[in-house]
Amino acid sequence: MSSLSPKPAPTPSPAGMSGPGGDAGDAPPRFPVFIAVVVAIAFLMEQLDSTIVTTALPDMAHALHTSAVDMNLAVSAYVLTLAVFIPLSGWFADRFGARRIFMSALALFTLGSVLCGAAQDFSMLVATRVLQGLGGAMMTPVGRLILLRSFPRRQLVRAMTYTTLPAIVGPVLGPLVGGYLTTYLSWRWIFYVNVPFGLLGMLLAWYLVDPRPAEPDSRFDLGGFVLFGTGVALLQLLMEGFGLLRPLLLAASAAGAVLLLLAFARRNRDRARPAVDLSLLRERAFGLATLAGGLCRVAMNAPVYLLPVMLQVGLGMSAVESGSLTFLSAAGAPVVRLVIGPALRRWGFRRLLMGSALACAAVLSSFVGIGTLTPHWLIAVAIVAYGAVRSTQFMSSNTLAYADVAAERLSRATSLGGLLQQLTVSFGVALGAAALRVLSHGAAPRLAQFHAAFLVLALLPLLAIPAFARLRLQDGAQVSGHRPRPRP
């Protein structure tokens with residue numbers, strides 16, 4: 001047990017020197033891989049809980065004496081809380097220390113899980129899902145910050161795969177795990193299953209993560225947070241309610257979101273430490289990776305919703321058949337994790353991102369070939385290919401986003417990056433549903449209309465290619481290890 005004893009605070013290094021992740025004054029942690037595993041478990045818990053309740057909604061509605069339609073609020077309350085409170089995470093990590101906030105977030109998420117499982121009525125469930133979302137909003141970006149500070153820049157590719165894999169696997173695994181637990185145990189276990197992982201994560205974080213000095217003079221931009229958080233909440237409401245809310249309410253949400261975000265951007269100009277540092281988007285690597293990468297992310301997140309619906313409604317498969325096939329999209333992620341480092345060293349971020357964006361468009365278009373006579377093994381091949389390409393794009397853009405960010409801005413970068421990634425999940429699902437709804441004119445969609453929706457989605461990655469072409473060879477080079485071959 002001596003190897004797991006708490007470590008003393010790091011001794012500041014001389015001015016101008018950098019430790020792991022480029023942070024001045026950091027001492028190399030003794031167990032960076034274990035830290036990565038702890039953070040990855042926290043990420044998987046947060047990602048699982050965004051989708052794990054979907055298959056349990058009918059059972060939950062019956063137990064809580066409400067309708068399955070109204071139960072959608074239990075999903076939306078969690079996602080909305082994540083989107084609104086992620087901007088708080090960076091300031092909290094700087095002000096109180098990343099280890100303390102990460103452990104507090106795990107505790108809050110675990111407590112919320114226990115209370116969700118013990119919910120006796122619908123109102124209690126929604127309130128405790130908000131509590132869960134608050135813990136998740138702090139847990140994900142602060143965990144990523146700890147990971148970035150625990151690995152040297154040259155090992156950032158390795159570190160980021162630990163954060164990206166849960167984001168890829170979690171939304172796909174959630175419905176499968178939720179269905180199994182609900183069928184063989186109880187819907188309450190989809191929440192209770194988080195408890196041992198949360199307790200273990202807190203214990204290991206206490207022993208493995210170095211405490212860092214807080215910044216007691218750091219002031220929080222409360223007014224900016226209110227503007228930005230309310231604007232994002234309205235934007236999230238717009239995405240979640242598209243096709244469900246009345247057009248007047250949707251228009252009011254859109255107008256309110258735009259006005260609030262414009263007011264925030266104007267306020268942001270003269271703030272040294274804004275609630276959300278939008279100036280990070282002017283940094284070429286971070287801006288292109290999050291915005292152009294966001295286009296690919298929106299397109300590649302949409303099939304998480306659209307594909308199982310097509311298999312069931314368009315092809316008449318059962319929920320079990322559909323779930324067994326769509327789960328295969330996670331199969332390629334571990335393989336991609338092994339090859340992403342060598343691929344970046346050989347081709348660099350610019351070529352790999354451009355190539356993977358083109359591949360995103362190709363695999364989305366390949367779903368057009370799926371018909372009633374297509375054998376299941378061929379559908380499985382297409383889904384595995386989709387998962388592998390999705391993993392490649394997500395891992396490479398995630399790594400580039402933080403490759404060149406200065407150490408003192410990492411906490412703000414992880415907050416903004418986490419928020420934008422969270423929004424691309426909602427935007428992807430909303431866009432897929434909206435495209436299908438428009439193409440089918442509100443009627444039951446036919447297979448040809450699913451095909452058309454996938455073609456619409458395939459256009460988005462193509463729009464990202466010119467943006468990725470603006471990357472320079474030196475962008476992220478210290479992370480990728482790519483060295484251009486001299487021309488003869």
# chains A, B, ... in the order shown; residues from 1 in each chain; ligands from 1
$ residues_around --residues "Arg446 of chain A" --least-positions-apart "3" --cutoff "10 Å" --atoms "only C-alpha atoms" --output "count of residues only"
11
$ atom_distance --atom1 "atom CA of Ala61 of chain A" --atom2 "atom CA of Thr140 of chain A"
29.0 Å
$ residues_around --residues "segment 86-94 of chain A" --least-positions-apart "2" --cutoff "6 Å" --atoms "only C-alpha atoms" --output "VMD selection string"
chain A and resid 82 to 84 96 to 98 101 137 to 138 214 to 215 411 to 412 415 419
$ write_last_selection --atoms "C-alpha atoms" --output "PDB file, in the first residue's frame"
ATOM      1  CA  LEU A  82     -24.585  19.412 -18.540  1.00  0.00           C
ATOM      2  CA  ALA A  83     -24.685  22.064 -21.260  1.00  0.00           C
ATOM      3  CA  VAL A  84     -25.433  24.954 -18.889  1.00  0.00           C
ATOM      4  CA  PHE A  96     -10.310  25.343  -5.660  1.00  0.00           C
ATOM      5  CA  GLY A  97      -7.925  22.881  -7.334  1.00  0.00           C
ATOM      6  CA  ALA A  98      -8.630  20.273 -10.007  1.00  0.00           C
ATOM      7  CA  ILE A 101     -13.337  19.594  -7.826  1.00  0.00           C
ATOM      8  CA  ALA A 137     -20.745  18.967 -15.976  1.00  0.00           C
ATOM      9  CA  MET A 138     -17.804  19.333 -13.567  1.00  0.00           C
ATOM     10  CA  ALA A 214      -5.478  27.181  -6.038  1.00  0.00           C
ATOM     11  CA  GLU A 215      -5.848  30.725  -7.349  1.00  0.00           C
ATOM     12  CA  SER A 411      -8.684  24.902 -17.775  1.00  0.00           C
ATOM     13  CA  ARG A 412     -10.637  27.362 -19.929  1.00  0.00           C
ATOM     14  CA  SER A 415     -14.473  23.956 -20.428  1.00  0.00           C
ATOM     15  CA  LEU A 419     -19.316  22.404 -23.943  1.00  0.00           C
TER      16      LEU A 419
END
$ residues_around --residues "Gln120 of chain A" --least-positions-apart "2" --cutoff "12 Å" --atoms "only C-alpha atoms" --output "NGL selection string"
:A and (60-66 or 115-118 or 122-128 or 188)
$ write_last_selection --atoms "C-alpha atoms" --output "PDB file, in the first residue's frame"
ATOM      1  CA  MET A  60     -39.803   3.889 -15.301  1.00  0.00           C
ATOM      2  CA  ALA A  61     -43.001   5.611 -16.435  1.00  0.00           C
ATOM      3  CA  HIS A  62     -45.110   2.730 -15.108  1.00  0.00           C
ATOM      4  CA  ALA A  63     -43.325   2.695 -11.738  1.00  0.00           C
ATOM      5  CA  LEU A  64     -43.537   6.489 -11.329  1.00  0.00           C
ATOM      6  CA  HIS A  65     -47.163   6.749 -12.530  1.00  0.00           C
ATOM      7  CA  THR A  66     -46.548   8.957 -15.555  1.00  0.00           C
ATOM      8  CA  LEU A 115     -31.223   9.415  -5.374  1.00  0.00           C
ATOM      9  CA  CYS A 116     -32.328   8.727  -8.976  1.00  0.00           C
ATOM     10  CA  GLY A 117     -32.518   5.021  -8.191  1.00  0.00           C
ATOM     11  CA  ALA A 118     -34.507   5.762  -5.026  1.00  0.00           C
ATOM     12  CA  PHE A 122     -41.474  11.758 -11.423  1.00  0.00           C
ATOM     13  CA  SER A 123     -40.638  15.151  -9.876  1.00  0.00           C
ATOM     14  CA  MET A 124     -37.982  13.592  -7.654  1.00  0.00           C
ATOM     15  CA  LEU A 125     -36.459  11.788 -10.620  1.00  0.00           C
ATOM     16  CA  VAL A 126     -36.148  14.988 -12.678  1.00  0.00           C
ATOM     17  CA  ALA A 127     -34.647  16.894  -9.725  1.00  0.00           C
ATOM     18  CA  THR A 128     -32.074  14.176  -9.050  1.00  0.00           C
ATOM     19  CA  ARG A 188     -33.297   1.409 -10.602  1.00  0.00           C
TER      20      ARG A 188
END
$ residues_around --residues "segment 420-431 of chain A" --least-positions-apart "5" --cutoff "7 Å" --atoms "only C-alpha atoms" --output "list in words"
Ala83, Met239, Glu240, Phe242, Gly294, Arg297, Val298, Ala299, Asn301, Ala302 and Tyr305 of chain A
$ residues_around --residues "Trp187 of chain A" --least-positions-apart "4" --cutoff "8 Å" --atoms "only C-alpha atoms" --output "mmCIF file with C-alpha atoms, in the first residue's frame"
data_model
loop_
_atom_site.group_PDB
_atom_site.id
_atom_site.type_symbol
_atom_site.label_atom_id
_atom_site.label_comp_id
_atom_site.auth_asym_id
_atom_site.auth_seq_id
_atom_site.Cartn_x
_atom_site.Cartn_y
_atom_site.Cartn_z
ATOM 1 C CA ALA A 56 -35.918 1.852 -19.496
ATOM 2 C CA ASP A 59 -40.762 0.677 -17.086
ATOM 3 C CA MET A 60 -39.803 3.889 -15.301
ATOM 4 C CA GLY A 117 -32.518 5.021 -8.191
ATOM 5 C CA GLY A 178 -29.939 -0.113 -19.808
ATOM 6 C CA LEU A 181 -30.364 -4.143 -16.359
ATOM 7 C CA THR A 182 -34.028 -3.234 -16.747
ATOM 8 C CA THR A 183 -34.961 -6.672 -18.079
ATOM 9 C CA PHE A 191 -28.439 4.325 -11.613
#
$ atom_distance --atom1 "atom CA of Ile383 of chain A" --atom2 "atom CA of Thr326 of chain A"
6.7 Å
$ residues_around --residues "Phe228 of chain A" --least-positions-apart "4" --cutoff "12 Å" --atoms "only C-alpha atoms" --output "PyMOL selection string"
chain A and resi 83-88+221-224+232-235+256-268+274-278+416+419
$ atom_distance --atom1 "atom CA of Leu325 of chain A" --atom2 "atom CA of Ala361 of chain A"
20.5 Å
